[in-house]
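One structure is given below, encoded as structure tokens.
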Amino acid sequence: VCRAQGAERNRLISFLPQPEMGRLEAFLRTEIMRGCVERVVPLILEGAQLDFRGPDGYTELQLAVLHGHQAIVEQLLKWGADPTLLTMKE
């Protein structure tokens with residue numbers, strides 16, 4: 001499930017039409033939605049912002065919670081994601 005590489009990875013993030021979002025944040029959101037906990041920490045270590053809000057108004061932490069990925073939620077919190085942020089809709 002978490003084996004997306006190169007062109008496949010680019011195809012997976014192509015649905016994120018957000019020019020202000022960096023490449024790392026787009027990859028991070030993709031891996032969170034896919035439930036790939038083993039790819040989350042390397043992206044954080046590369047510099048992906050943890051509290052970036054996507055076009056849906058959710059942070060990465062909120063996205064992980066919405067998708068039910070507890071292991072990713074734990075990693076995001078461990079690496080400093082802010083659990084007090086509200087969505088842009090709240």
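Going through the structure tokens in order, the chains are called A, B, and so on, while each chain numbers its residues from 1 and the ligands are numbered from 1 in the order shown.
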For A:Val37, list every protein, DNA or RNA residue within 12 Å, evaluated using only C-alpha atoms, and leave out those in the same chain fewer than 4 positions away; present the list as a ChimeraX atom specification. /A:1-2,28-33,41-44,64,69-76
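For the set A:Ala26, A:Met21, A:Trp79, A:Leu61, the residue with the smallest atom-to-atom gap to A:Leu45 is A:Trp79, counting only C-alpha atoms.
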Nearest to A:Ala81: which of A:Gln62, A:Phe27, A:Gly57, A:Gly35 is it, counting only C-alpha atoms? A:Gln62
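The two atoms in question, atom CA of A:Tyr58 and atom CA of A:Leu86, are spaced 8.0 Å apart.
Going from atom CA of A:Gly68 over to atom CA of A:Arg34, you cover 10.6 Å.
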